[in-house]
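Peer 1: Structure supplied as start23.cif; contents: mmCIF, C-alpha atoms and all ligand atoms.
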```cif
data_model
loop_
_atom_site.group_PDB
_atom_site.id
_atom_site.type_symbol
_atom_site.label_atom_id
_atom_site.label_comp_id
_atom_site.auth_asym_id
_atom_site.auth_seq_id
_atom_site.Cartn_x
_atom_site.Cartn_y
_atom_site.Cartn_z
ATOM 1 C CA MET A 18 100.676 102.729 90.583
ATOM 2 C CA GLU A 19 99.492 99.156 91.141
ATOM 3 C CA ARG A 20 96.915 97.525 93.394
ATOM 4 C CA THR A 21 97.040 94.029 94.858
ATOM 5 C CA PHE A 22 94.714 91.765 96.796
ATOM 6 C CA VAL A 23 96.080 90.533 100.127
ATOM 7 C CA MET A 24 94.208 88.263 102.524
ATOM 8 C CA VAL A 25 94.973 87.004 106.015
ATOM 9 C CA LYS A 26 93.768 83.401 105.758
ATOM 10 C CA PRO A 27 91.689 81.649 108.463
ATOM 11 C CA ASP A 28 94.835 80.336 110.219
ATOM 12 C CA GLY A 29 96.263 83.858 110.452
ATOM 13 C CA VAL A 30 93.009 85.116 111.941
ATOM 14 C CA GLN A 31 92.877 82.214 114.436
ATOM 15 C CA ARG A 32 96.483 82.868 115.488
ATOM 16 C CA GLY A 33 95.871 86.566 116.096
ATOM 17 C CA LEU A 34 98.227 87.738 113.351
ATOM 18 C CA ILE A 35 95.982 90.281 111.571
ATOM 19 C CA GLY A 36 97.601 93.213 113.366
ATOM 20 C CA GLU A 37 101.162 91.990 112.798
ATOM 21 C CA ILE A 38 100.525 91.487 109.088
ATOM 22 C CA VAL A 39 98.777 94.842 108.595
ATOM 23 C CA GLN A 40 101.596 96.527 110.490
ATOM 24 C CA ARG A 41 104.234 95.088 108.156
ATOM 25 C CA PHE A 42 102.427 96.443 105.105
ATOM 26 C CA GLU A 43 101.887 99.848 106.737
ATOM 27 C CA ARG A 44 105.515 100.126 107.857
ATOM 28 C CA LYS A 45 106.722 99.162 104.394
ATOM 29 C CA GLY A 46 105.026 102.358 103.209
ATOM 30 C CA LEU A 47 102.256 100.798 101.154
ATOM 31 C CA GLN A 48 98.834 102.405 100.979
ATOM 32 C CA LEU A 49 95.693 100.674 102.246
ATOM 33 C CA VAL A 50 92.727 101.354 99.964
ATOM 34 C CA GLY A 51 90.262 98.684 101.141
ATOM 35 C CA ALA A 52 89.723 96.208 103.990
ATOM 36 C CA LYS A 53 87.026 93.891 105.292
ATOM 37 C CA PHE A 54 86.665 91.039 107.789
ATOM 38 C CA VAL A 55 84.488 88.387 106.163
ATOM 39 C CA GLN A 56 83.486 84.762 106.031
ATOM 40 C CA ILE A 57 83.905 83.955 102.346
ATOM 41 C CA THR A 58 81.433 81.827 100.396
ATOM 42 C CA LYS A 59 82.295 78.579 98.595
ATOM 43 C CA GLN A 60 81.598 80.322 95.289
ATOM 44 C CA GLN A 61 83.976 83.170 96.138
ATOM 45 C CA ALA A 62 86.627 80.631 97.175
ATOM 46 C CA GLU A 63 86.232 78.728 93.909
ATOM 47 C CA THR A 64 86.581 81.944 91.889
ATOM 48 C CA HIS A 65 89.581 82.966 93.966
ATOM 49 C CA TYR A 66 91.398 79.657 93.466
ATOM 50 C CA GLN A 67 90.121 78.884 89.933
ATOM 51 C CA GLU A 68 93.669 78.401 88.600
ATOM 52 C CA HIS A 69 94.075 75.433 90.962
ATOM 53 C CA HIS A 70 90.804 73.732 89.984
ATOM 54 C CA GLY A 71 91.437 70.002 89.364
ATOM 55 C CA LYS A 72 94.719 69.827 91.310
ATOM 56 C CA ASP A 73 94.957 67.237 94.092
ATOM 57 C CA PHE A 74 95.020 69.879 96.836
ATOM 58 C CA TYR A 75 92.108 71.951 95.444
ATOM 59 C CA GLU A 76 89.231 70.565 97.549
ATOM 60 C CA LYS A 77 91.214 70.902 100.784
ATOM 61 C CA LEU A 78 92.243 74.406 99.803
ATOM 62 C CA VAL A 79 88.637 75.540 99.274
ATOM 63 C CA ALA A 80 87.555 73.826 102.525
ATOM 64 C CA PHE A 81 90.360 75.566 104.395
ATOM 65 C CA ILE A 82 89.798 79.065 103.018
ATOM 66 C CA THR A 83 86.070 78.859 103.858
ATOM 67 C CA SER A 84 86.674 77.320 107.316
ATOM 68 C CA GLY A 85 86.593 80.656 109.169
ATOM 69 C CA PRO A 86 86.740 84.399 108.641
ATOM 70 C CA VAL A 87 89.489 86.076 106.617
ATOM 71 C CA PHE A 88 90.788 89.636 106.616
ATOM 72 C CA ALA A 89 90.722 90.848 103.007
ATOM 73 C CA MET A 90 92.642 93.928 101.910
ATOM 74 C CA VAL A 91 93.642 95.943 98.872
ATOM 75 C CA TRP A 92 97.052 97.637 98.993
ATOM 76 C CA GLN A 93 98.392 100.169 96.526
ATOM 77 C CA GLY A 94 101.905 101.251 95.564
ATOM 78 C CA ASP A 95 104.588 101.083 92.897
ATOM 79 C CA ASP A 96 105.230 97.412 92.015
ATOM 80 C CA VAL A 97 103.032 96.450 94.959
ATOM 81 C CA ILE A 98 102.249 92.988 93.509
ATOM 82 C CA ALA A 99 105.876 91.842 93.392
ATOM 83 C CA LEU A 100 106.746 93.704 96.589
ATOM 84 C CA SER A 101 103.917 92.011 98.500
ATOM 85 C CA ARG A 102 104.901 88.559 97.234
ATOM 86 C CA GLN A 103 108.445 89.279 98.443
ATOM 87 C CA MET A 104 107.194 90.313 101.887
ATOM 88 C CA ILE A 105 104.885 87.267 102.073
ATOM 89 C CA GLY A 106 107.582 84.736 101.153
ATOM 90 C CA ARG A 107 107.519 81.477 99.231
ATOM 91 C CA THR A 108 104.613 79.016 99.482
ATOM 92 C CA SER A 109 106.457 76.249 101.336
ATOM 93 C CA PRO A 110 107.869 76.992 104.807
ATOM 94 C CA LEU A 111 111.113 75.281 103.772
ATOM 95 C CA ASP A 112 111.574 77.872 101.002
ATOM 96 C CA ALA A 113 110.188 80.959 102.758
ATOM 97 C CA ALA A 114 113.105 83.105 103.890
ATOM 98 C CA PRO A 115 113.358 84.404 107.447
ATOM 99 C CA GLY A 116 112.168 87.998 107.499
ATOM 100 C CA THR A 117 109.200 87.194 105.292
ATOM 101 C CA ILE A 118 105.758 86.724 106.848
ATOM 102 C CA ARG A 119 105.629 83.017 106.016
ATOM 103 C CA GLY A 120 109.314 82.603 106.863
ATOM 104 C CA ASP A 121 108.752 84.055 110.313
ATOM 105 C CA TYR A 122 105.351 82.578 111.203
ATOM 106 C CA ALA A 123 104.311 79.643 108.971
ATOM 107 C CA ALA A 124 105.319 75.998 109.423
ATOM 108 C CA HIS A 125 103.081 74.228 106.890
ATOM 109 C CA THR A 126 102.330 74.729 103.170
ATOM 110 C CA ASN A 127 98.583 74.335 103.753
ATOM 111 C CA PHE A 128 98.568 76.805 106.657
ATOM 112 C CA ASN A 129 100.686 79.615 105.320
ATOM 113 C CA LEU A 130 98.758 82.538 106.802
ATOM 114 C CA ILE A 131 98.419 84.943 103.923
ATOM 115 C CA HIS A 132 97.580 85.307 100.255
ATOM 116 C CA GLY A 133 98.906 87.866 97.788
ATOM 117 C CA SER A 134 98.027 88.238 94.089
ATOM 118 C CA ASP A 135 100.686 86.890 91.709
ATOM 119 C CA SER A 136 100.057 89.074 88.612
ATOM 120 C CA PRO A 137 98.136 92.191 87.494
ATOM 121 C CA GLU A 138 95.450 89.944 85.943
ATOM 122 C CA SER A 139 95.034 87.944 89.158
ATOM 123 C CA ALA A 140 94.955 91.152 91.194
ATOM 124 C CA SER A 141 92.101 92.640 89.119
ATOM 125 C CA ARG A 142 90.081 89.424 89.278
ATOM 126 C CA GLU A 143 90.684 88.870 92.985
ATOM 127 C CA ILE A 144 89.914 92.476 93.957
ATOM 128 C CA ALA A 145 86.627 92.337 91.999
ATOM 129 C CA ASN A 146 85.776 89.033 93.708
ATOM 130 C CA PHE A 147 85.931 90.645 97.144
ATOM 131 C CA PHE A 148 85.321 94.381 96.756
ATOM 132 C CA GLY A 149 82.890 96.674 94.981
ATOM 133 C CA THR A 150 84.450 99.789 93.447
ATOM 134 C CA ASP A 151 82.595 101.864 96.078
ATOM 135 C CA GLU A 152 84.466 99.969 98.810
ATOM 136 C CA LEU A 153 87.904 101.110 97.625
ATOM 137 C CA VAL A 154 89.017 104.509 98.874
ATOM 138 C CA THR A 155 91.065 107.002 96.890
ATOM 139 C CA TYR A 156 93.069 109.486 98.961
ATOM 140 C CA ASN A 157 96.410 111.265 99.069
ATOM 141 C CA LYS A 158 99.050 109.682 101.254
ATOM 142 C CA ALA A 159 101.475 112.192 102.749
ATOM 143 C CA ILE A 160 104.562 110.159 101.932
ATOM 144 C CA GLN A 161 103.869 110.542 98.218
ATOM 145 C CA THR A 162 103.069 114.228 98.205
ATOM 146 C CA TRP A 163 105.171 116.200 100.663
ATOM 147 C CA ILE A 164 107.712 117.243 98.023
HETATM 148 P P1 LIG B 1 98.373 81.876 97.713
HETATM 149 O O1 LIG B 1 97.774 81.807 96.320
HETATM 150 O O2 LIG B 1 97.496 81.260 98.760
HETATM 151 O O3 LIG B 1 98.820 83.261 98.036
HETATM 152 O O4 LIG B 1 99.720 81.018 97.762
HETATM 153 P P2 LIG B 1 100.849 80.930 96.659
HETATM 154 O O5 LIG B 1 100.565 81.852 95.523
HETATM 155 O O6 LIG B 1 102.148 81.062 97.369
HETATM 156 O O7 LIG B 1 100.699 79.426 96.193
HETATM 157 P P3 LIG B 1 99.784 78.790 95.064
HETATM 158 O O8 LIG B 1 100.648 77.985 94.179
HETATM 159 O O9 LIG B 1 98.891 79.831 94.446
HETATM 160 O O10 LIG B 1 98.887 77.790 95.900
HETATM 161 C C1 LIG B 1 97.760 78.229 96.629
HETATM 162 C C2 LIG B 1 97.762 77.578 97.988
HETATM 163 O O11 LIG B 1 97.521 76.186 97.824
HETATM 164 C C3 LIG B 1 98.262 75.464 98.785
HETATM 165 N N1 LIG B 1 99.114 74.518 98.095
HETATM 166 N N2 LIG B 1 99.232 73.287 98.461
HETATM 167 N N3 LIG B 1 101.318 70.872 96.766
HETATM 168 C C4 LIG B 1 100.460 71.316 97.678
HETATM 169 O O12 LIG B 1 100.018 70.617 98.539
HETATM 170 C C5 LIG B 1 100.071 72.716 97.605
HETATM 171 N N4 LIG B 1 100.502 73.588 96.714
HETATM 172 C C6 LIG B 1 99.880 74.749 97.036
HETATM 173 C C7 LIG B 1 99.069 76.447 99.589
HETATM 174 O O13 LIG B 1 98.403 76.690 100.813
HETATM 175 C C8 LIG B 1 99.078 77.696 98.734
HETATM 176 O O14 LIG B 1 99.162 78.862 99.519
HETATM 177 MG MG MG B 2 98.717 81.881 94.483
#
```
Can the structure in the file be given as structure tokens, please?
Peer 2:
Amino acid sequence: MERTFVMVKPDGVQRGLIGEIVQRFERKGLQLVGAKFVQITKQQAETHYQEHHGKDFYEKLVAFITSGPVFAMVWQGDDVIALSRQMIGRTSPLDAAPGTIRGDYAAHTNFNLIHGSDSPESASREIANFFGTDELVTYNKAIQTWI
């Protein structure tokens, strides 16, 4: 069972898409184990996007992600990292397929609504950057246990 870090970015919050995005993850059958609505610090943003440090879009990216509150979540499930990336869609709106979150709602690479971890290593780092272990809830989900 894997965990991944998913975040509705400031544009998704501003556009009122938190509920729509949470609903897609719930209906997919994934398990929510943590959530918080926060204004992230510059330091947190720099840790989150450390792999992009030095790229030409880095400064704008950090400014954007700290420009307003985000809705941060941890979701759990089998292959949840790859599954979430599939549901989120590709980075650019020209590549994001219809039916994905970005494909359905995003029109610009810099305002693409949502983040999802891209590997188990990123997921661990990103979860630790936003959540304490006491903020993640362990519980049985009926769908996994009725048989
Ligand atoms: P994210 O990390 O936000 O979930 O997005 P991602 O994996 O699909 O894309 P990534 O390559 O990690 O890039 C992080 C964010 O930086 C912006 N970006 N701009 N060439 C550009 O101008 C450019 N490339 C990436 C995007 O907003 C992307 O989500
Ligand atoms: Mg990324």
Peer 1: Produce a table with one row for each residue of chain A that has an atom at most 7 Å from any atom of ligand LIG 1 (chain B), each row naming the nearest atom pair and its distance in Å at one decimal; use only C-alpha atoms and all ligand atoms; arrange rows by chain and rising residue number; format as a tab-separated table.
Peer 2:
```
residue	atom	partner	partner_atom	distance
A:Phe74	CA	B:LIG1	O12	5.3
A:Leu78	CA	B:LIG1	O11	5.9
A:Arg107	CA	B:LIG1	O6	5.7
A:Thr108	CA	B:LIG1	O6	3.8
A:Thr126	CA	B:LIG1	O13	5.0
A:Asn127	CA	B:LIG1	O13	3.8
A:Phe128	CA	B:LIG1	O13	5.8
A:Asn129	CA	B:LIG1	O13	5.8
A:Ile131	CA	B:LIG1	O3	6.1
A:His132	CA	B:LIG1	O3	3.3
A:Gly133	CA	B:LIG1	O3	4.6
A:Ser134	CA	B:LIG1	O3	6.4
A:Asp135	CA	B:LIG1	O5	6.3
```
Peer 1: List every protein, DNA or RNA residue that has at least one atom no more than 12 Å from (86.1, 82.8, 96.4) in the file's coordinates, counting all atoms listed in the file, and write the result as an NGL selection string.
Peer 2: :A and (24 or 55-68 or 78-83 or 87 or 89 or 142-148)
Peer 1: For a test of reading the model, state the distance in Å between CA of Val30 (chain A) and CA of Phe54 (chain A), rounded to one decimal.
Peer 2: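 So the two atoms, CA of Val30 (chain A) and CA of Phe54 (chain A), lie 9.6 Å apart.
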Peer 1: I'd like the interatomic distance between CA of Leu47 (chain A) and CA of Pro137 (chain A), to a tenth of an Å.
Peer 2: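 CA of Pro137 (chain A) lies at a distance of 16.7 Å from CA of Leu47 (chain A).
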Peer 1: Which is closer to ligand MG 2 (chain B) than all the others in A:Ile118, A:Val23, A:Leu111, A:Val97, using only C-alpha atoms and all ligand atoms?
Peer 2: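 Among the listed residues, the smallest separation from ligand MG 2 (chain B) belongs to A:Val23.
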Peer 1: Using all atoms listed in the file for the distances, tell me which of A:Val25, A:Gly51, A:Arg119, A:Ser136 is nearest to Gly106 (chain A).
Peer 2: A:Arg119
